[in-house]
Every structure is written in C-alpha cells, then in structure tokens.
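Data file: my_file13.pdb. Format and content: PDB, C-alpha atoms.
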```pdb
MODEL        1
ATOM      1  CA  MET A   1       9.487  -2.846  13.554
ATOM      2  CA  PRO A   2      11.566   0.206  14.517
ATOM      3  CA  GLN A   3       9.922   3.536  15.273
ATOM      4  CA  GLY A   4      10.467   6.693  13.233
ATOM      5  CA  THR A   5      10.714   7.078   9.493
ATOM      6  CA  ILE A   6      12.371   4.283   7.555
ATOM      7  CA  ARG A   7      13.533   4.977   3.987
ATOM      8  CA  ILE A   8      13.792   1.580   2.321
ATOM      9  CA  ALA A   9      16.603   2.789  -0.008
ATOM     10  CA  ASP A  10      18.726   3.526   3.085
ATOM     11  CA  LEU A  11      18.475  -0.055   4.398
ATOM     12  CA  PRO A  12      21.148  -2.683   3.744
ATOM     13  CA  GLU A  13      20.512  -4.636   0.529
ATOM     14  CA  THR A  14      19.361  -7.802   2.331
ATOM     15  CA  ASP A  15      16.781  -5.778   4.280
ATOM     16  CA  ARG A  16      15.588  -4.015   1.087
ATOM     17  CA  ASP A  17      15.186  -7.422  -0.565
ATOM     18  CA  PHE A  18      13.241  -8.688   2.457
ATOM     19  CA  VAL A  19      10.797  -5.736   2.360
ATOM     20  CA  ARG A  20      10.270  -6.169  -1.396
ATOM     21  CA  SER A  21       9.781  -9.916  -1.050
ATOM     22  CA  ALA A  22       7.362  -9.536   1.865
ATOM     23  CA  LEU A  23       5.164  -7.206  -0.197
ATOM     24  CA  GLN A  24       5.239  -9.149  -3.462
ATOM     25  CA  SER A  25       5.945 -12.840  -2.836
ATOM     26  CA  ASP A  26       2.561 -13.918  -1.499
ATOM     27  CA  THR A  27       0.396 -11.470  -3.433
ATOM     28  CA  PRO A  28       0.580 -11.989  -7.204
ATOM     29  CA  LEU A  29      -1.217  -8.680  -7.899
ATOM     30  CA  HIS A  30       1.446  -6.733  -5.979
ATOM     31  CA  GLU A  31       4.126  -8.529  -7.979
ATOM     32  CA  LEU A  32       2.334  -7.930 -11.298
ATOM     33  CA  LEU A  33       2.049  -4.205 -10.558
ATOM     34  CA  ASP A  34       5.636  -4.178  -9.158
ATOM     35  CA  LEU A  35       4.577  -2.286  -6.023
ATOM     36  CA  GLU A  36       7.419  -1.231  -3.734
ATOM     37  CA  ILE A  37       7.437   0.355  -0.299
ATOM     38  CA  VAL A  38       9.569   3.492  -0.493
ATOM     39  CA  GLU A  39       9.176   4.789   3.062
ATOM     40  CA  MET A  40       7.342   3.996   6.299
ATOM     41  CA  GLY A  41       6.825   6.269   9.273
ATOM     42  CA  GLU A  42       4.943   6.012  12.524
ATOM     43  CA  ARG A  43       1.722   7.213  10.811
ATOM     44  CA  HIS A  44       2.511   7.236   7.083
ATOM     45  CA  ALA A  45       3.727   5.111   4.197
ATOM     46  CA  VAL A  46       4.878   5.788   0.642
ATOM     47  CA  VAL A  47       4.498   3.087  -2.011
ATOM     48  CA  SER A  48       5.586   3.299  -5.660
ATOM     49  CA  MET A  49       4.271   1.681  -8.833
ATOM     50  CA  PRO A  50       5.777   1.828 -12.317
ATOM     51  CA  VAL A  51       3.535   3.122 -15.097
ATOM     52  CA  ARG A  52       3.772   0.207 -17.491
ATOM     53  CA  GLU A  53       1.645  -1.915 -19.793
ATOM     54  CA  GLN A  54       0.657  -4.490 -17.137
ATOM     55  CA  ALA A  55      -1.248  -1.694 -15.360
ATOM     56  CA  PHE A  56      -2.922  -0.152 -18.444
ATOM     57  CA  ASN A  57      -6.600  -0.242 -19.367
ATOM     58  CA  SER A  58      -7.979  -0.861 -22.883
ATOM     59  CA  THR A  59      -7.290   2.762 -23.895
ATOM     60  CA  GLY A  60      -3.601   2.547 -23.005
ATOM     61  CA  ASN A  61      -3.879   4.619 -19.832
ATOM     62  CA  LEU A  62      -3.100   3.721 -16.224
ATOM     63  CA  HIS A  63      -6.028   1.591 -15.007
ATOM     64  CA  GLY A  64      -8.097   2.977 -12.129
ATOM     65  CA  GLY A  65      -7.991  -0.436 -10.451
ATOM     66  CA  ALA A  66      -4.183  -0.361 -10.471
ATOM     67  CA  ILE A  67      -4.266   3.078  -8.838
ATOM     68  CA  ALA A  68      -6.822   1.839  -6.266
ATOM     69  CA  THR A  69      -4.580  -1.144  -5.472
ATOM     70  CA  LEU A  70      -1.601   1.179  -4.998
ATOM     71  CA  ILE A  71      -3.707   3.293  -2.612
ATOM     72  CA  ASP A  72      -4.928   0.205  -0.747
ATOM     73  CA  VAL A  73      -1.373  -1.021  -0.129
ATOM     74  CA  ALA A  74      -0.034   2.387   0.949
ATOM     75  CA  ALA A  75      -3.033   3.057   3.207
ATOM     76  CA  GLY A  76      -2.923  -0.457   4.669
ATOM     77  CA  THR A  77       0.779  -0.095   5.451
ATOM     78  CA  ALA A  78       0.191   3.298   7.106
ATOM     79  CA  ALA A  79      -2.773   1.878   9.065
ATOM     80  CA  ALA A  80      -0.698  -1.061  10.313
ATOM     81  CA  ARG A  81       2.074   1.274  11.498
ATOM     82  CA  GLY A  82      -0.135   4.074  12.865
ATOM     83  CA  SER A  83      -2.647   2.114  14.924
ATOM     84  CA  GLY A  84      -2.873  -0.459  17.674
ATOM     85  CA  PHE A  85      -2.751  -3.282  15.096
ATOM     86  CA  GLU A  86      -1.041  -6.421  16.440
ATOM     87  CA  HIS A  87       0.603  -8.522  13.718
ATOM     88  CA  GLY A  88      -0.048 -12.222  14.250
ATOM     89  CA  LYS A  89      -3.111 -11.556  16.434
ATOM     90  CA  GLN A  90      -5.273  -9.376  14.180
ATOM     91  CA  SER A  91      -6.090  -8.726  10.536
ATOM     92  CA  LEU A  92      -6.527  -5.424   8.747
ATOM     93  CA  VAL A  93      -9.347  -5.329   6.208
ATOM     94  CA  THR A  94     -10.431  -2.503   3.926
ATOM     95  CA  ALA A  95     -13.787  -1.127   5.073
ATOM     96  CA  ASP A  96     -14.139   1.780   2.641
ATOM     97  CA  LEU A  97     -12.202   3.324  -0.234
ATOM     98  CA  HIS A  98     -13.225   6.439  -2.138
ATOM     99  CA  VAL A  99     -10.897   7.468  -4.955
ATOM    100  CA  ARG A 100     -11.005  10.700  -6.949
ATOM    101  CA  TYR A 101      -9.120  10.269 -10.231
ATOM    102  CA  LEU A 102      -7.719  13.708 -11.033
ATOM    103  CA  GLY A 103      -5.282  13.327 -13.905
ATOM    104  CA  ARG A 104      -2.965  11.160 -15.946
ATOM    105  CA  PRO A 105       0.577  10.659 -14.744
ATOM    106  CA  HIS A 106       3.621  12.082 -16.487
ATOM    107  CA  GLY A 107       6.675   9.852 -16.414
ATOM    108  CA  ASP A 108       7.104   6.203 -15.646
ATOM    109  CA  LEU A 109       6.450   6.055 -11.879
ATOM    110  CA  VAL A 110       3.647   7.015  -9.487
ATOM    111  CA  PHE A 111       3.745   7.293  -5.695
ATOM    112  CA  ALA A 112       0.998   6.892  -3.105
ATOM    113  CA  ARG A 113       1.586   8.731   0.176
ATOM    114  CA  ALA A 114      -0.841   7.618   2.871
ATOM    115  CA  GLU A 115      -1.228   9.358   6.235
ATOM    116  CA  VAL A 116      -3.276   8.142   9.208
ATOM    117  CA  VAL A 117      -5.887  10.754  10.129
ATOM    118  CA  LYS A 118      -7.370   8.928  13.128
ATOM    119  CA  ALA A 119      -6.762   5.528  14.636
ATOM    120  CA  GLY A 120      -9.489   4.175  16.858
ATOM    121  CA  ARG A 121      -9.696   0.816  18.589
ATOM    122  CA  GLN A 122     -11.206  -0.815  15.481
ATOM    123  CA  LEU A 123     -11.432   1.775  12.702
ATOM    124  CA  VAL A 124      -8.410   3.480  11.136
ATOM    125  CA  ILE A 125      -8.997   6.481   8.834
ATOM    126  CA  VAL A 126      -6.319   7.262   6.230
ATOM    127  CA  GLU A 127      -5.949   9.935   3.545
ATOM    128  CA  CYS A 128      -3.864   9.202   0.469
ATOM    129  CA  ARG A 129      -2.548  11.190  -2.513
ATOM    130  CA  VAL A 130      -1.108   9.642  -5.655
ATOM    131  CA  THR A 131       1.414  11.776  -7.515
ATOM    132  CA  ASP A 132       3.656  11.277 -10.514
ATOM    133  CA  ILE A 133       7.398  11.776 -10.822
ATOM    134  CA  GLU A 134       6.823  15.538 -11.360
ATOM    135  CA  GLU A 135       4.738  15.660  -8.131
ATOM    136  CA  ARG A 136       1.545  16.311 -10.134
ATOM    137  CA  ILE A 137      -1.543  14.890  -8.424
ATOM    138  CA  VAL A 138      -3.038  11.836 -10.136
ATOM    139  CA  ALA A 139      -5.584  10.743  -7.494
ATOM    140  CA  SER A 140      -6.781  11.501  -3.988
ATOM    141  CA  ALA A 141      -8.476   9.030  -1.661
ATOM    142  CA  ASP A 142     -10.254   8.627   1.656
ATOM    143  CA  PHE A 143      -9.693   5.187   3.112
ATOM    144  CA  SER A 144     -10.777   3.280   6.205
ATOM    145  CA  MET A 145      -9.598  -0.029   7.589
ATOM    146  CA  MET A 146     -10.983  -2.265  10.281
ATOM    147  CA  ILE A 147      -8.824  -4.083  12.800
ATOM    148  CA  VAL A 148     -10.467  -7.466  13.291
ATOM    149  CA  PRO A 149      -9.496 -10.715  15.003
ATOM    150  CA  LEU A 150      -7.235 -12.954  12.930
ATOM    151  CA  ARG A 151      -9.250 -15.157  10.590
ATOM    152  CA  GLN A 152      -8.717 -17.933   8.102
ATOM    153  CA  SER A 153      -8.478 -16.980   4.439
ATOM    154  CA  ILE A 154     -11.372 -17.709   2.078
ATOM    155  CA  ARG A 155      -9.203 -19.856  -0.161
ATOM    156  CA  PRO A 156      -5.995 -21.035   1.511
ATOM    157  CA  VAL A 157      -2.772 -20.358  -0.373
ATOM    158  CA  ALA A 158       0.098 -22.847  -0.045
ATOM    159  CA  THR A 159       2.448 -20.218   1.403
ATOM    160  CA  ALA A 160      -0.116 -18.538   3.700
ATOM    161  CA  LYS A 161       0.228 -18.916   7.445
ATOM    162  CA  ALA A 162      -2.614 -18.592   9.947
ATOM    163  CA  THR A 163      -0.832 -15.568  11.464
ATOM    164  CA  ASP A 164      -0.644 -13.587   8.188
ATOM    165  CA  PRO A 165      -2.603 -10.304   8.184
ATOM    166  CA  ASP A 166      -5.165  -9.486   5.474
ATOM    167  CA  LEU A 167      -3.037  -6.671   3.998
TER     168      LEU A 167
ENDMDL
END
```
Rewrite the structure from the file as structure tokens, please.
Amino acid sequence: MPQGTIRIADLPETDRDFVRSALQSDTPLHELLDLEIVEMGERHAVVSMPVREQAFNSTGNLHGGAIATLIDVAAGTAAARGSGFEHGKQSLVTADLHVRYLGRPHGDLVFARAEVVKAGRQLVIVECRVTDIEERIVASADFSMMIVPLRQSIRPVATAKATDPDL
C-alpha cells in the first residue's frame, strides 16, 4: 500500500469500490453497519458509519456496540498501517478496548479517527475519537492490538483465505 495519506474519495472509482468491498464483503457486521474507510495515513485511519436503524439500541439511540465496532475497525486499520504488521504473515487481534461514551450524535453520520500512539514489536497502542457531522465528540477510546503469527479462524468461512488477517 502506498505511503502518505490516502483519501478514499480521491481514488478512481474502481479503487474506491475495491476498498469498500474489502472492508465489507467478508465481514457481515461491517456491511450491516455500512462502515467505510474515509482516509488512511501512515499512522492514522478515519472510518465512517451512518447513524441508522440497523445500529440502534432498544431506546432508538446509536448502540454502544456499533460505536465500539466502528472504533475497532478504525483502530485496527491505523494499527495495520502504523506498525510492523506484515499482511499475509501475521494477524492483528484486539487485546484491549476501553470506550468512554460521551454524547449522542447529531446528524446522520459518525466518524472514528484513530491514531497510533506507540507501535512495538507485538503491541500497538491506538487512541480514537468518534465525532458526529458537526465535529461534536461522541466517544473516546484507548485501544491496543497484538501482532501475532497468522492463525486459522475458529469457524472457517467459505470466502476466507489462510492469509487473511484477523481485522
């Protein structure tokens, strides 16, 4: 993957479709929540999620689990880009996630911006902020990921390959 900051909207349409498909096609939860990578840098990533009924809890508000999933994807993407992770040789697995839910979003879209704080040989520490369309903070998170040797999935999926990471 190229170095520097990549804004997905600036890519040719076929490349945008590829990025969207790569994130959603093999992970039904990502597709259900309609997660999209907005931007990737050498040590950061921005992922968006629409605020819609599929992500609501029983009180009609954005579900904390949907927000945590958004954070996990943004932080995992940043960790993959900002560490020594080797796609096809290693997996990235969430080691720890602490979310502070700070408010309800205004508007119909939220964004998670994840930034690598420190990347060690095995442990990658990431901070993440979720904001709404008005740039109001919705959640803040501390996140850590482990780089581990590639491993077989617990329950194989028809489309999964042995070289797929655990993102």
task: Find the residue from A:Glu115, A:Glu36, A:Glu134, A:Glu53 that sits nearest to Gly76 in chain A; use all atoms listed in the file when measuring.
output: A:Glu115
query: Taking (-7.8, 11.4, -1.7) in the file's coordinates as the center, which residues reach within 9 Å of it, counting only C-alpha atoms, put as an NGL selection string?
result: :A and (98-101 or 127-130 or 139-143)
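Closest approach to Ile133 in chain A from the set A:His106, A:Arg81, A:His87, A:His30 is made by A:His106, with distances taken over all atoms listed in the file.
Residue nearest Ala68 in chain A within the list A:Ala80, A:Ile125, A:Leu97, A:Val38: A:Leu97 [criterion: smallest interatomic distance, all atoms listed in the file].
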- prompt: With only C-alpha atoms as the atoms that count, which of A:Leu33, A:Val117, A:Val110, A:Leu123 lies nearest to Glu135 in chain A?
  reply: A:Val110
- line: Expressed in Å, the length from CA of Val46 in chain A to CA of Thr5 in chain A is 10.7 Å
- prompt: Hey, what comes out of the PyMOL selection byres ((chain A and resi 132) around 12) on this file? Could you write it as number ranges by chain?
  reply: A: 47-51, 62, 67, 102-113, 129-131, 133-139
Picked residues, the PyMOL selection byres ((chain A and resi 90) around 8), expected as a ChimeraX atom specification: /A:85-89,91-92,147-151,165
query: Rounded to one decimal in Å, what is the spacing between CA of Ser144 in chain A and CA of Ala74 in chain A?
result: 12.0 Å
Save range 16-149 of chain A to a file: C-alpha atoms, as a PDB file, in the first residue's frame.
```
ATOM      1  CA  ARG A  16     -12.930   3.151  -4.115  1.00  0.00           C
ATOM      2  CA  ASP A  17     -15.138   0.140  -4.859  1.00  0.00           C
ATOM      3  CA  PHE A  18     -12.249  -2.212  -4.055  1.00  0.00           C
ATOM      4  CA  VAL A  19     -11.603  -0.564  -0.654  1.00  0.00           C
ATOM      5  CA  ARG A  20     -15.319  -0.675   0.214  1.00  0.00           C
ATOM      6  CA  SER A  21     -15.624  -4.294  -0.885  1.00  0.00           C
ATOM      7  CA  ALA A  22     -12.501  -5.349   1.017  1.00  0.00           C
ATOM      8  CA  LEU A  23     -13.914  -3.897   4.243  1.00  0.00           C
ATOM      9  CA  GLN A  24     -17.475  -5.178   3.892  1.00  0.00           C
ATOM     10  CA  SER A  25     -17.594  -8.285   1.691  1.00  0.00           C
ATOM     11  CA  ASP A  26     -16.203 -10.844   4.125  1.00  0.00           C
ATOM     12  CA  THR A  27     -17.473  -9.289   7.349  1.00  0.00           C
ATOM     13  CA  PRO A  28     -21.277  -9.178   7.542  1.00  0.00           C
ATOM     14  CA  LEU A  29     -21.206  -6.861  10.589  1.00  0.00           C
ATOM     15  CA  HIS A  30     -19.187  -4.255   8.665  1.00  0.00           C
ATOM     16  CA  GLU A  31     -21.695  -4.485   5.824  1.00  0.00           C
ATOM     17  CA  LEU A  32     -24.690  -4.254   8.183  1.00  0.00           C
ATOM     18  CA  LEU A  33     -23.261  -1.121   9.812  1.00  0.00           C
ATOM     19  CA  ASP A  34     -22.178   0.213   6.366  1.00  0.00           C
ATOM     20  CA  LEU A  35     -18.674   1.056   7.607  1.00  0.00           C
ATOM     21  CA  GLU A  36     -16.472   2.886   5.110  1.00  0.00           C
ATOM     22  CA  ILE A  37     -12.818   3.864   5.209  1.00  0.00           C
ATOM     23  CA  VAL A  38     -12.610   7.598   4.556  1.00  0.00           C
ATOM     24  CA  GLU A  39      -8.858   8.129   4.894  1.00  0.00           C
ATOM     25  CA  MET A  40      -5.680   6.221   5.753  1.00  0.00           C
ATOM     26  CA  GLY A  41      -2.309   7.653   6.679  1.00  0.00           C
ATOM     27  CA  GLU A  42       0.984   6.205   7.791  1.00  0.00           C
ATOM     28  CA  ARG A  43      -0.210   6.169  11.442  1.00  0.00           C
ATOM     29  CA  HIS A  44      -3.924   7.014  11.297  1.00  0.00           C
ATOM     30  CA  ALA A  45      -7.239   5.994   9.785  1.00  0.00           C
ATOM     31  CA  VAL A  46     -10.692   7.555   9.546  1.00  0.00           C
ATOM     32  CA  VAL A  47     -13.755   5.320   9.213  1.00  0.00           C
ATOM     33  CA  SER A  48     -17.380   6.450   8.860  1.00  0.00           C
ATOM     34  CA  MET A  49     -20.676   4.868   9.884  1.00  0.00           C
ATOM     35  CA  PRO A  50     -24.187   6.091   9.102  1.00  0.00           C
ATOM     36  CA  VAL A  51     -26.490   6.689  12.063  1.00  0.00           C
ATOM     37  CA  ARG A  52     -29.387   4.484  11.049  1.00  0.00           C
ATOM     38  CA  GLU A  53     -31.856   1.995  12.475  1.00  0.00           C
ATOM     39  CA  GLN A  54     -29.644  -1.084  11.946  1.00  0.00           C
ATOM     40  CA  ALA A  55     -27.235   0.398  14.516  1.00  0.00           C
ATOM     41  CA  PHE A  56     -29.837   1.495  17.108  1.00  0.00           C
ATOM     42  CA  ASN A  57     -30.455   0.003  20.539  1.00  0.00           C
ATOM     43  CA  SER A  58     -33.900  -0.662  22.069  1.00  0.00           C
ATOM     44  CA  THR A  59     -34.286   3.017  23.039  1.00  0.00           C
ATOM     45  CA  GLY A  60     -33.756   4.245  19.481  1.00  0.00           C
ATOM     46  CA  ASN A  61     -30.245   5.570  20.080  1.00  0.00           C
ATOM     47  CA  LEU A  62     -26.940   4.608  18.476  1.00  0.00           C
ATOM     48  CA  HIS A  63     -25.896   1.311  20.096  1.00  0.00           C
ATOM     49  CA  GLY A  64     -22.653   1.311  22.088  1.00  0.00           C
ATOM     50  CA  GLY A  65     -21.642  -1.936  20.383  1.00  0.00           C
ATOM     51  CA  ALA A  66     -21.960  -0.278  16.968  1.00  0.00           C
ATOM     52  CA  ILE A  67     -19.725   2.563  18.167  1.00  0.00           C
ATOM     53  CA  ALA A  68     -17.222   0.042  19.601  1.00  0.00           C
ATOM     54  CA  THR A  69     -17.173  -1.811  16.265  1.00  0.00           C
ATOM     55  CA  LEU A  70     -16.529   1.457  14.423  1.00  0.00           C
ATOM     56  CA  ILE A  71     -13.632   2.162  16.812  1.00  0.00           C
ATOM     57  CA  ASP A  72     -12.269  -1.370  16.408  1.00  0.00           C
ATOM     58  CA  VAL A  73     -12.179  -1.072  12.610  1.00  0.00           C
ATOM     59  CA  ALA A  74     -10.611   2.408  12.592  1.00  0.00           C
ATOM     60  CA  ALA A  75      -8.030   1.458  15.234  1.00  0.00           C
ATOM     61  CA  GLY A  76      -7.248  -1.849  13.517  1.00  0.00           C
ATOM     62  CA  THR A  77      -6.721  -0.083  10.193  1.00  0.00           C
ATOM     63  CA  ALA A  78      -4.430   2.502  11.826  1.00  0.00           C
ATOM     64  CA  ALA A  79      -2.527  -0.271  13.650  1.00  0.00           C
ATOM     65  CA  ALA A  80      -2.013  -2.213  10.416  1.00  0.00           C
ATOM     66  CA  ARG A  81      -0.652   0.885   8.657  1.00  0.00           C
ATOM     67  CA  GLY A  82       1.380   2.299  11.566  1.00  0.00           C
ATOM     68  CA  SER A  83       3.246  -0.785  12.751  1.00  0.00           C
ATOM     69  CA  GLY A  84       5.487  -3.557  11.518  1.00  0.00           C
ATOM     70  CA  PHE A  85       2.436  -5.703  10.672  1.00  0.00           C
ATOM     71  CA  GLU A  86       3.039  -7.990   7.674  1.00  0.00           C
ATOM     72  CA  HIS A  87      -0.148  -8.831   5.758  1.00  0.00           C
ATOM     73  CA  GLY A  88      -0.250 -12.499   4.796  1.00  0.00           C
ATOM     74  CA  LYS A  89       2.263 -13.469   7.505  1.00  0.00           C
ATOM     75  CA  GLN A  90       0.631 -12.111  10.668  1.00  0.00           C
ATOM     76  CA  SER A  91      -2.753 -11.384  12.212  1.00  0.00           C
ATOM     77  CA  LEU A  92      -3.865  -8.360  14.191  1.00  0.00           C
ATOM     78  CA  VAL A  93      -6.104  -9.114  17.163  1.00  0.00           C
ATOM     79  CA  THR A  94      -7.734  -6.722  19.610  1.00  0.00           C
ATOM     80  CA  ALA A  95      -6.083  -7.037  23.023  1.00  0.00           C
ATOM     81  CA  ASP A  96      -7.905  -4.248  24.863  1.00  0.00           C
ATOM     82  CA  LEU A  97     -10.599  -1.670  24.155  1.00  0.00           C
ATOM     83  CA  HIS A  98     -11.810   0.957  26.606  1.00  0.00           C
ATOM     84  CA  VAL A  99     -14.573   3.228  25.332  1.00  0.00           C
ATOM     85  CA  ARG A 100     -15.927   6.354  27.015  1.00  0.00           C
ATOM     86  CA  TYR A 101     -19.375   7.188  25.630  1.00  0.00           C
ATOM     87  CA  LEU A 102     -19.648  10.971  25.851  1.00  0.00           C
ATOM     88  CA  GLY A 103     -22.731  12.027  23.925  1.00  0.00           C
ATOM     89  CA  ARG A 104     -25.317  11.316  21.272  1.00  0.00           C
ATOM     90  CA  PRO A 105     -24.523  12.183  17.686  1.00  0.00           C
ATOM     91  CA  HIS A 106     -26.219  14.965  15.758  1.00  0.00           C
ATOM     92  CA  GLY A 107     -26.807  14.224  12.096  1.00  0.00           C
ATOM     93  CA  ASP A 108     -26.757  11.021  10.141  1.00  0.00           C
ATOM     94  CA  LEU A 109     -23.040  10.114  10.108  1.00  0.00           C
ATOM     95  CA  VAL A 110     -20.290   9.490  12.668  1.00  0.00           C
ATOM     96  CA  PHE A 111     -16.532   9.278  12.121  1.00  0.00           C
ATOM     97  CA  ALA A 112     -13.843   7.427  14.059  1.00  0.00           C
ATOM     98  CA  ARG A 113     -10.341   8.890  13.766  1.00  0.00           C
ATOM     99  CA  ALA A 114      -7.705   6.518  15.115  1.00  0.00           C
ATOM    100  CA  GLU A 115      -4.059   7.474  15.652  1.00  0.00           C
ATOM    101  CA  VAL A 116      -1.200   5.131  16.576  1.00  0.00           C
ATOM    102  CA  VAL A 117       0.394   6.268  19.840  1.00  0.00           C
ATOM    103  CA  LYS A 118       3.120   3.610  20.006  1.00  0.00           C
ATOM    104  CA  ALA A 119       3.926   0.606  17.876  1.00  0.00           C
ATOM    105  CA  GLY A 120       6.079  -2.043  19.473  1.00  0.00           C
ATOM    106  CA  ARG A 121       7.178  -5.379  18.063  1.00  0.00           C
ATOM    107  CA  GLN A 122       3.958  -7.063  19.248  1.00  0.00           C
ATOM    108  CA  LEU A 123       1.729  -4.459  20.901  1.00  0.00           C
ATOM    109  CA  VAL A 124       0.258  -1.458  19.079  1.00  0.00           C
ATOM    110  CA  ILE A 125      -1.401   1.301  21.150  1.00  0.00           C
ATOM    111  CA  VAL A 126      -4.029   3.467  19.427  1.00  0.00           C
ATOM    112  CA  GLU A 127      -6.201   6.381  20.559  1.00  0.00           C
ATOM    113  CA  CYS A 128      -9.520   7.000  18.842  1.00  0.00           C
ATOM    114  CA  ARG A 129     -12.185   9.733  18.890  1.00  0.00           C
ATOM    115  CA  VAL A 130     -15.665   9.359  17.442  1.00  0.00           C
ATOM    116  CA  THR A 131     -17.304  12.577  16.287  1.00  0.00           C
ATOM    117  CA  ASP A 132     -20.518  13.462  14.510  1.00  0.00           C
ATOM    118  CA  ILE A 133     -21.036  15.513  11.367  1.00  0.00           C
ATOM    119  CA  GLU A 134     -20.828  18.727  13.466  1.00  0.00           C
ATOM    120  CA  GLU A 135     -17.471  17.538  14.917  1.00  0.00           C
ATOM    121  CA  ARG A 136     -19.052  17.057  18.367  1.00  0.00           C
ATOM    122  CA  ILE A 137     -17.383  14.264  20.339  1.00  0.00           C
ATOM    123  CA  VAL A 138     -19.496  11.121  20.735  1.00  0.00           C
ATOM    124  CA  ALA A 139     -16.898   8.726  22.207  1.00  0.00           C
ATOM    125  CA  SER A 140     -13.226   8.442  23.066  1.00  0.00           C
ATOM    126  CA  ALA A 141     -11.259   5.205  23.267  1.00  0.00           C
ATOM    127  CA  ASP A 142      -7.938   3.660  24.219  1.00  0.00           C
ATOM    128  CA  PHE A 143      -7.186   0.608  22.123  1.00  0.00           C
ATOM    129  CA  SER A 144      -4.415  -1.970  21.882  1.00  0.00           C
ATOM    130  CA  MET A 145      -3.761  -4.637  19.291  1.00  0.00           C
ATOM    131  CA  MET A 146      -1.419  -7.582  19.250  1.00  0.00           C
ATOM    132  CA  ILE A 147       0.539  -8.651  16.195  1.00  0.00           C
ATOM    133  CA  VAL A 148       0.536 -12.443  16.263  1.00  0.00           C
ATOM    134  CA  PRO A 149       1.540 -15.186  13.834  1.00  0.00           C
TER     135      PRO A 149
END
```
